[in-house]
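See below for upload_35.txt, which holds compact mmCIF, C-alpha atoms.
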# COMPACT_ATOMS: atom_id res chain seq x y z
CA MET A 1 0.00 0.00 0.00
CA GLY A 2 1.43 3.35 -1.03
CA GLU A 3 1.62 6.50 1.07
CA VAL A 4 -1.50 8.08 -0.44
CA ASP A 5 -3.47 4.88 0.15
CA ARG A 6 -2.30 4.64 3.77
CA ILE A 7 -3.40 8.21 4.46
CA ASP A 8 -6.72 7.69 2.70
CA ALA A 9 -7.38 4.52 4.72
CA ALA A 10 -6.89 6.48 7.95
CA LEU A 11 -9.55 9.08 7.10
CA LEU A 12 -13.33 9.12 7.12
CA PRO A 13 -15.23 10.27 3.99
CA SER A 14 -15.66 14.02 3.56
CA GLY A 15 -18.52 15.50 5.53
CA GLY A 16 -20.19 18.79 6.34
CA CYS A 17 -19.64 21.08 9.27
CA PRO A 18 -19.71 19.13 12.58
CA VAL A 19 -21.24 22.17 14.29
CA CYS A 20 -24.21 23.16 12.13
CA GLY A 21 -24.06 20.81 9.14
CA SER A 22 -23.70 23.55 6.50
CA ALA A 23 -21.32 23.45 3.57
CA ALA A 24 -17.93 25.15 3.45
CA ILE A 25 -17.37 28.55 1.87
CA ALA A 26 -13.56 28.43 2.01
CA GLY A 27 -11.08 25.60 2.21
CA ALA A 28 -7.58 24.27 1.66
CA SER A 29 -6.15 26.08 4.70
CA ARG A 30 -3.21 23.95 5.83
CA SER A 31 -2.51 23.07 9.44
CA PRO A 32 0.96 23.97 10.75
CA PRO A 33 3.45 21.14 11.31
CA ASN A 34 3.56 20.11 14.96
CA LEU A 35 4.11 17.22 17.37
CA TYR A 36 0.73 15.64 16.63
CA ALA A 37 1.15 15.69 12.86
CA GLU A 38 4.59 14.20 13.38
CA LYS A 39 3.23 11.35 15.53
CA ILE A 40 0.28 10.54 13.25
CA ALA A 41 2.59 10.50 10.23
CA ALA A 42 4.97 8.13 12.02
CA THR A 43 2.06 5.83 12.92
CA LEU A 44 0.83 5.76 9.32
CA GLY A 45 4.31 5.52 7.83
CA CYS A 46 3.87 8.62 5.70
CA ASP A 47 5.45 12.04 5.22
CA GLU A 48 4.20 14.74 7.62
CA VAL A 49 3.68 17.29 4.83
CA SER A 50 1.66 14.80 2.78
CA LEU A 51 -0.53 14.10 5.80
CA ILE A 52 -1.14 17.80 6.46
CA GLU A 53 -2.09 18.39 2.82
CA ALA A 54 -4.60 15.52 2.96
CA VAL A 55 -6.43 16.99 5.99
CA PRO A 56 -7.07 20.67 5.15
CA ASN A 57 -9.26 23.11 7.07
CA ALA A 58 -12.44 24.57 5.61
CA ARG A 59 -14.62 27.39 6.91
CA CYS A 60 -18.33 26.81 7.38
CA GLY A 61 -20.74 29.13 5.59
CA GLY A 62 -23.38 28.68 8.28
CA CYS A 63 -21.73 29.14 11.68
CA GLY A 64 -18.27 30.42 10.71
CA VAL A 65 -16.31 27.65 12.41
CA TRP A 66 -13.20 26.19 10.79
CA TYR A 67 -13.32 22.41 10.51
CA LYS A 68 -11.72 19.46 8.75
CA PRO A 69 -14.06 17.96 6.13
CA ARG A 70 -11.95 14.79 6.27
CA TRP A 71 -11.30 13.57 9.80
CA PHE A 72 -9.44 10.64 11.30
CA LYS A 73 -10.95 7.27 12.02
CA PRO A 74 -11.27 6.36 15.73
CA GLY A 75 -8.39 3.89 15.57
CA VAL A 76 -5.98 6.61 14.42
CA LEU A 77 -7.06 8.91 17.25
CA ALA A 78 -6.69 6.08 19.76
CA ALA A 79 -3.15 5.40 18.55
CA LEU A 80 -2.30 9.10 18.85
CA PHE A 81 -3.46 9.51 22.46
CA GLU A 82 -2.65 6.03 23.73
CA ARG A 83 0.82 5.65 22.22
CA GLY A 84 1.90 8.71 20.22
CA VAL A 85 1.30 11.43 22.83
CA PRO A 86 -0.23 9.64 25.85
CA THR A 87 0.57 12.47 28.29
CA HIS A 88 -0.65 16.04 27.87
CA PRO A 89 2.60 18.05 27.56
CA LYS A 90 1.22 21.50 28.36
CA GLY A 91 -0.91 20.24 31.22
CA TRP A 92 2.02 18.63 33.03
CA ASP A 93 4.28 21.61 32.31
CA ALA A 94 1.93 24.07 34.04
CA GLY A 95 3.51 24.75 37.41
CA SER A 96 6.33 22.25 36.82
CA ARG A 97 10.01 22.49 37.75
CA ARG A 98 10.86 22.46 34.07
CA PHE A 99 10.58 26.25 34.13
CA SER A 100 14.09 26.97 35.46
CA LYS A 101 17.50 27.95 34.17
CA ARG A 102 18.88 24.55 35.09
CA SER A 103 16.24 22.79 32.98
CA PHE A 104 16.73 25.22 30.11
CA LEU A 105 20.50 24.58 30.01
CA ALA A 106 19.93 20.83 30.16
CA GLU A 107 17.57 21.06 27.20
CA CYS A 108 20.13 23.17 25.32
CA ASP A 109 22.61 20.31 25.74
CA ALA A 110 20.05 17.77 24.57
CA TYR A 111 19.30 19.95 21.56
CA ARG A 112 23.00 20.09 20.64
CA LEU A 113 23.20 16.29 20.78
CA ALA A 114 20.13 15.97 18.56
CA LEU A 115 21.66 18.40 16.06
CA ALA A 116 24.92 16.45 16.01
CA ALA A 117 23.01 13.20 15.46
CA HIS A 118 20.81 14.75 12.74
CA ASP A 119 17.80 13.38 14.64
CA ALA A 120 14.93 15.33 13.06
CA VAL A 121 12.32 14.19 15.57
CA GLU A 122 14.41 15.17 18.60
CA ILE A 123 15.52 18.41 16.96
CA ALA A 124 11.90 19.43 16.44
CA ARG A 125 10.94 18.41 19.99
CA HIS A 126 13.71 20.40 21.67
CA ARG A 127 13.18 23.36 19.39
CA ARG A 128 9.54 23.56 20.50
CA GLY A 129 10.47 23.07 24.15
CA LEU A 130 13.18 25.71 24.26
CA VAL A 131 11.07 28.36 22.54
CA SER A 132 8.15 27.67 24.86
CA ILE A 133 10.37 28.24 27.91
CA LEU A 134 11.76 31.50 26.51
CA GLU A 135 8.26 32.78 25.71
CA SER A 136 7.37 32.39 29.39
CA ILE A 137 10.35 34.26 30.90
CA THR A 138 8.90 37.71 31.52
CA ARG A 139 12.24 39.02 32.82
CA VAL A 140 13.86 38.83 29.38
CA ALA A 141 10.83 39.39 27.16
CA GLY A 142 11.58 41.83 24.34
CA THR A 143 15.32 41.99 25.04
CA ALA A 144 18.15 41.46 22.56
CA LEU A 145 19.12 38.36 24.54
CA ALA A 146 15.72 36.75 24.04
CA THR A 147 15.76 37.61 20.33
CA ASP A 148 19.23 36.12 19.85
CA LEU A 149 18.36 32.96 21.79
CA VAL A 150 15.28 32.34 19.66
CA ALA A 151 17.33 32.96 16.51
CA ALA A 152 19.98 30.46 17.66
CA ILE A 153 17.27 27.86 18.33
CA ARG A 154 15.58 28.38 14.96
CA GLN A 155 18.93 28.32 13.11
CA GLY A 156 20.20 25.23 14.90
CA ASP A 157 23.25 27.02 16.29
CA GLY A 158 23.83 24.98 19.45
CA GLU A 159 27.10 26.64 20.43
CA ARG A 160 25.70 30.16 20.27
CA LEU A 161 22.59 29.02 22.08
CA LEU A 162 24.50 27.59 25.03
CA ARG A 163 26.82 30.60 25.21
CA ARG A 164 23.98 33.13 25.31
CA ALA A 165 21.84 30.96 27.61
CA ALA A 166 24.46 31.40 30.33
CA GLU A 167 23.42 35.08 30.43
CA LEU A 168 19.85 34.26 31.50
CA PRO A 169 18.94 35.23 35.08
CA GLU A 170 19.36 32.49 37.67
CA ASP A 171 15.77 33.01 38.82
CA PHE A 172 13.21 33.05 36.01
CA GLY A 173 10.52 34.42 38.31
CA GLU A 174 6.86 33.68 37.70
CA PRO A 175 6.10 32.37 34.19
CA ALA A 176 4.09 34.59 31.86
CA ALA A 177 0.36 34.27 32.38
CA PHE A 178 -1.72 32.05 30.10
CA ARG A 179 1.30 30.36 28.57
CA ARG A 180 2.73 26.88 28.81
CA PHE A 181 4.18 27.02 32.32
CA SER A 182 1.36 28.93 33.98
CA GLY A 183 -1.67 27.50 32.23
CA PHE A 184 -4.97 29.21 32.98
CA SER A 185 -4.72 29.53 36.76
CA ALA A 186 -4.38 33.32 36.95
CA ALA A 187 -6.57 34.98 39.57
CA ALA A 188 -7.38 37.71 37.04
CA LEU A 189 -9.34 35.22 34.94
CA TRP A 190 -11.41 34.13 37.93
CA ASN A 191 -12.04 37.71 38.99
CA TRP A 192 -13.25 38.59 35.49
CA MET A 193 -15.66 35.66 35.52
CA VAL A 194 -17.00 36.70 38.93
CA GLU A 195 -17.53 40.24 37.63
CA GLN A 196 -19.85 38.85 34.96
CA LEU A 197 -21.65 36.18 37.02
CA GLY A 198 -21.52 37.24 40.64
CA ALA A 199 -20.32 34.90 43.39
CA ILE A 200 -19.25 31.43 42.23
CA ASP A 201 -19.61 28.86 45.00
CA ARG A 202 -19.60 25.64 42.95
CA TYR A 203 -17.21 25.45 40.02
CA ALA A 204 -16.22 22.59 37.69
CA GLU A 205 -13.81 21.98 34.84
CA VAL A 206 -13.70 19.36 32.11
CA GLY A 207 -10.57 18.43 30.15
CA CYS A 208 -7.06 18.75 31.57
CA PRO A 209 -7.22 18.82 35.40
CA LEU A 210 -3.80 20.43 35.89
CA TRP A 211 -3.72 23.77 34.07
CA GLY A 212 -6.92 25.54 35.07
CA GLN A 213 -8.47 27.17 38.13
CA LEU A 214 -9.33 24.00 40.08
CA ALA A 215 -6.41 23.78 42.50
CA ARG A 216 -6.28 27.52 43.18
CA VAL A 217 -9.98 28.00 43.93
CA ALA A 218 -10.24 24.73 45.90
CA ASN A 219 -7.41 25.89 48.16
CA ALA A 220 -9.31 29.16 48.60
CA GLY A 221 -12.30 27.27 50.01
CA ILE A 222 -14.51 27.17 46.89
CA THR A 223 -16.13 23.84 45.98
CA ALA A 224 -14.24 22.68 42.89
CA THR A 225 -14.93 19.56 40.83
CA HIS A 226 -13.12 17.88 37.96
CA LEU A 227 -15.49 16.21 35.51
CA LEU A 228 -14.06 13.15 33.75
CA ARG A 229 -15.47 12.97 30.24
CA PRO A 230 -14.25 10.33 27.77
CA GLU A 231 -13.38 11.65 24.30
CA ALA A 232 -11.54 9.77 21.56
CA ASN A 233 -9.53 12.81 20.51
CA TYR A 234 -8.20 13.65 23.98
CA TRP A 235 -5.95 12.36 26.73
CA GLY A 236 -7.22 9.63 29.02
CA SER A 237 -5.95 6.83 31.25
CA GLY A 238 -2.42 7.05 29.82
CA CYS A 239 -1.86 10.65 30.93
CA ARG A 240 0.76 9.85 33.56
CA ALA A 241 4.04 11.28 34.78
CA GLY A 242 6.25 10.04 37.60
CA GLY A 243 3.93 7.08 38.09
CA SER A 244 0.85 9.24 38.75
CA HIS A 245 -2.20 9.96 36.65
CA CYS A 246 -2.98 13.65 36.10
CA ARG A 247 -6.06 13.41 38.34
CA GLU A 248 -3.93 11.95 41.11
CA ALA A 249 -1.50 14.82 40.69
CA LEU A 250 -4.39 17.28 41.01
CA LEU A 251 -5.47 15.75 44.32
CA GLU A 252 -1.94 16.20 45.64
CA ARG A 253 -2.29 19.94 45.03
CA ALA A 254 -5.79 20.62 46.36
CA PRO A 255 -9.02 19.08 47.75
CA VAL A 256 -10.85 18.83 44.43
CA ALA A 257 -13.90 16.58 44.02
CA LEU A 258 -13.93 14.03 41.16
CA LEU A 259 -17.09 13.26 39.23
CA ASP A 260 -17.88 11.30 36.08
CA TRP A 261 -19.41 13.28 33.23
CA SER A 262 -22.52 11.11 33.35
CA ASP A 263 -23.12 12.36 36.92
CA ARG A 264 -22.56 16.06 36.14
CA GLY A 265 -26.20 16.92 36.82
CA ARG A 266 -25.76 16.04 40.47
CA GLY A 267 -23.35 18.94 40.88
CA ARG A 268 -25.53 21.82 39.62
CA PHE A 269 -22.58 24.13 39.27
CA ASP A 270 -22.52 27.90 38.99
CA ALA A 271 -20.07 27.66 36.09
CA ILE A 272 -18.07 25.11 34.09
CA GLY A 273 -14.68 25.79 32.50
CA ALA A 274 -13.42 24.03 29.36
CA TYR A 275 -9.93 25.20 28.38
CA GLN A 276 -8.57 24.35 24.92
CA TYR A 277 -11.05 21.49 24.84
CA LEU A 278 -13.95 22.38 22.53
CA ASP A 279 -11.79 22.18 19.40
CA HIS A 280 -10.97 18.52 20.07
CA LEU A 281 -14.57 17.28 20.20
CA GLU A 282 -16.48 15.19 17.69
CA ASP A 283 -19.79 16.79 18.75
CA PRO A 284 -19.03 20.25 20.20
CA VAL A 285 -22.64 21.45 20.13
CA GLY A 286 -23.83 18.36 22.00
CA PHE A 287 -21.12 18.93 24.60
CA VAL A 288 -22.10 22.56 25.14
CA GLY A 289 -25.74 21.56 25.54
CA GLU A 290 -24.77 19.00 28.17
CA CYS A 291 -22.75 21.67 30.02
CA PHE A 292 -25.81 23.91 30.23
CA GLU A 293 -27.79 21.05 31.73
CA ALA A 294 -25.43 21.23 34.72
CA ALA A 295 -24.55 24.96 34.88
CA PRO A 296 -25.92 28.28 33.61
CA ALA A 297 -22.49 29.52 32.49
CA LEU A 298 -19.63 28.07 30.43
CA LEU A 299 -16.14 29.54 30.15
CA LEU A 300 -14.38 28.54 26.92
CA ILE A 301 -10.70 29.21 26.22
CA LEU A 302 -9.19 28.47 22.83
CA ASP A 303 -5.95 29.36 21.05
CA GLY A 304 -4.90 30.16 17.51
CA VAL A 305 -8.34 31.46 16.59
CA ASP A 306 -7.02 33.52 13.69
CA GLU A 307 -4.73 30.81 12.32
CA PRO A 308 -5.20 27.48 10.51
CA THR A 309 -6.41 24.88 12.98
CA ALA A 310 -3.78 22.38 14.14
CA ILE A 311 -4.12 18.84 12.88
CA GLN A 312 -5.29 17.41 16.24
CA HIS A 313 -8.22 19.87 16.34
CA ARG A 314 -11.50 18.87 14.73
CA THR A 315 -12.72 22.47 14.75
CA GLY A 316 -11.34 25.99 15.08
CA TRP A 317 -13.35 28.70 16.80
CA ASN A 318 -13.45 32.47 16.32
CA ASP A 319 -15.79 35.28 17.35
CA ASP A 320 -18.30 34.46 14.59
CA ALA A 321 -18.50 30.79 15.56
CA ILE A 322 -18.74 31.49 19.29
CA GLY A 323 -21.42 34.09 18.56
CA TRP A 324 -23.39 31.44 16.67
CA LEU A 325 -22.99 29.09 19.63
CA GLY A 326 -24.28 31.74 22.02
CA ARG A 327 -27.36 32.34 19.89
CA ARG A 328 -27.94 28.60 19.58
CA PHE A 329 -28.29 28.31 23.35
CA GLY A 330 -29.74 31.73 24.09
CA LYS A 331 -26.65 32.90 25.96
CA HIS A 332 -24.87 36.24 26.09
CA VAL A 333 -21.20 36.02 25.09
CA HIS A 334 -18.71 37.96 27.22
CA ALA A 335 -15.46 38.37 25.25
CA ASP A 336 -13.69 41.33 26.84
CA PHE A 337 -11.02 39.55 28.90
CA ASP A 338 -8.18 41.29 27.08
CA ALA A 339 -5.39 40.17 29.43
CA ILE A 340 -5.32 36.76 27.75
CA ARG A 341 -4.91 37.96 24.16
CA GLU A 342 -1.14 38.50 24.17
CA SER A 343 -0.67 34.79 24.85
CA GLY A 344 -2.51 33.88 21.64
CA ASN A 345 -5.51 32.57 23.57
CA ARG A 346 -9.05 33.94 23.78
CA ALA A 347 -11.67 33.61 26.50
CA TRP A 348 -15.43 33.57 25.96
CA LEU A 349 -17.94 33.32 28.80
CA LEU A 350 -21.38 32.14 27.70
CA ALA A 351 -23.96 33.06 30.33
CA ASP A 352 -27.51 34.23 30.86
CA ALA A 353 -28.03 37.90 30.01

What would the structure in this file look like if it were written as structure tokens?
Amino acid sequence: MGEVDRIDAALLPSGGCPVCGSAAIAGASRSPPNLYAEKIAATLGCDEVSLIEAVPNARCGGCGVWYKPRWFKPGVLAALFERGVPTHPKGWDAGSRRFSKRSFLAECDAYRLALAAHDAVEIARHRRGLVSILESITRVAGTALATDLVAAIRQGDGERLLRRAAELPEDFGEPAAFRRFSGFSAAALWNWMVEQLGAIDRYAEVGCPLWGQLARVANAGITATHLLRPEANYWGSGCRAGGSHCREALLERAPVALLDWSDRGRGRFDAIGAYQYLDHLEDPVGFVGECFEAAPALLLILDGVDEPTAIQHRTGWNDDAIGWLGRRFGKHVHADFDAIRESGNRAWLLADA
């Protein structure tokens, strides 16, 4: 079986918009190369670029969402999240010890070894990791040092990278808000939500348990619950580090309640948060409807809303699409949390008017 046939066998037939069912008005927008495209291509035994070209994004003429008319079969998604990327990298990095000068220098050394070995997979991995750390160091943001370090990473100049990295401060300080090493735990986000809704006494999140508000608000005495919802295109039982599952790691940080998605109605929450989650789902509208059965408000955070949707995302959401979603459920959309925009993320709070 040739490469084209292997890719074709991994995909479902073309379909309409998974949000509203309408036809596309624009298409052929390519996803950027990333870890997930790399892993799927390796599983299928095909070239990453060929895979990306076979799964383009199209924009819906009805609701405005970006989506992939051709999507992966369940077995491909299972292989991606069970074996390709079984742990959620950004979730585990939020609040981790990886954000330190010592870790950065160690990764610089690993990057140099990968360059010397011409190991394309490891080169790409360390390149992503090093840039993500630099983007979170507020103490050097916008300086000539930061610019030169990023250039050395992009150009594969390991010697210059290590030499300039020695000039970084010993203490990186707090990581930049709403980026890889801070996640979405900032108090400013919670305060903004409270400004719109009033007091929040019972709060829940679905998706990654480690990078949101759960631990912070639970430690502040607010009832916080993590809702476990199975989804083929998301991390599950294999999301482990250091021998612990991500939910176990959450419980080590704070007294958070655990509840299965099927029991969500028992909670009757004031609000539910879903951070970088909606774009993974097979049935996003069904999910949102189920959220509103358990809470009157839903906080959605998504990234890259003005860019082609990454290959692991079934849909890509922008203001038009979220506006359609709000109208669909009779909710007002609050979209004025500007503090998150610099990170490339956007926040939308869907709530009663």

Can you pull out every residue within 10 Å of Asp283 in chain A, counting all atoms listed in the file, but drop anything in the same chain fewer than 2 positions away, and send it as an NGL selection string? :A and (18-19 or 231 or 278-281 or 285-288 or 314-315)

With C-alpha atoms retained, could you export that selection as a compact mmCIF listing (two decimals), keeping the file's coordinate frame?
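See out_16.txt below for the written result:
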# COMPACT_ATOMS: atom_id res chain seq x y z
CA PRO A 18 -19.71 19.13 12.58
CA VAL A 19 -21.24 22.17 14.29
CA GLU A 231 -13.38 11.65 24.30
CA LEU A 278 -13.95 22.38 22.53
CA ASP A 279 -11.79 22.18 19.40
CA HIS A 280 -10.97 18.52 20.07
CA LEU A 281 -14.57 17.28 20.20
CA VAL A 285 -22.64 21.45 20.13
CA GLY A 286 -23.83 18.36 22.00
CA PHE A 287 -21.12 18.93 24.60
CA VAL A 288 -22.10 22.56 25.14
CA ARG A 314 -11.50 18.87 14.73
CA THR A 315 -12.72 22.47 14.75

Counting all atoms listed in the file, I want the residues whose atoms come within 6 Å of (-2.1, 20.4, 39.5) in the file frame, returned as a ChimeraX atom specification. /A:210,249-250,253

Using C-alpha atoms, can you write the selected residues to a file as a compact mmCIF listing (two decimals), in the frame of the given file?
# COMPACT_ATOMS: atom_id res chain seq x y z
CA LEU A 210 -3.80 20.43 35.89
CA ALA A 249 -1.50 14.82 40.69
CA LEU A 250 -4.39 17.28 41.01
CA ARG A 253 -2.29 19.94 45.03

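For the residues A:Cys17, A:Leu259, A:Val55, A:Ile7, ranking by smallest atom-to-atom distance to Glu282 in chain A using all atoms listed in the file places A:Cys17 first.
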
Counting only C-alpha atoms, the residue among A:Val85, A:Ala218, A:Ala152, A:Val140 that lies closest to Cys239 in chain A is A:Val85

Which of these, A:Trp235, A:Ala271, A:Ala199, A:Asp352, has the shortest distance to Arg327 in chain A once you count all atoms listed in the file? A:Asp352

Work out how far CA of Gly64 in chain A is from CA of Tyr234 in chain A, in Å to one decimal. 23.6 Å

Output as a Markdown table one row per residue of range 40-135 of chain A within 9 Å of range 242-246 of chain A: the closest atom pair and its distance in Å to one decimal place, counting all atoms listed in the file, sorted by chain and residue number ascending.
| residue | atom | partner | partner_atom | distance |
| --- | --- | --- | --- | --- |
| A:Thr87 | CA | A:Cys246 | CA | 8.7 |
| A:His88 | CA | A:Cys246 | CA | 8.9 |
| A:Gly91 | CA | A:Cys246 | CA | 8.5 |
| A:Trp92 | CA | A:Cys246 | CA | 7.7 |

Have a look at CA of Gly265 in chain A and CA of Glu293 in chain A and let me know their distance in Å, one decimal.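 If I compute the distance from CA of Gly265 in chain A to CA of Glu293 in chain A, I get 6.7 Å.
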
What's the 6 Å shell around Trp211 in chain A, counting all atoms listed in the file, without same-chain residues fewer than 3 positions away, as a PyMOL selection string? chain A and resi 91+94+183-184
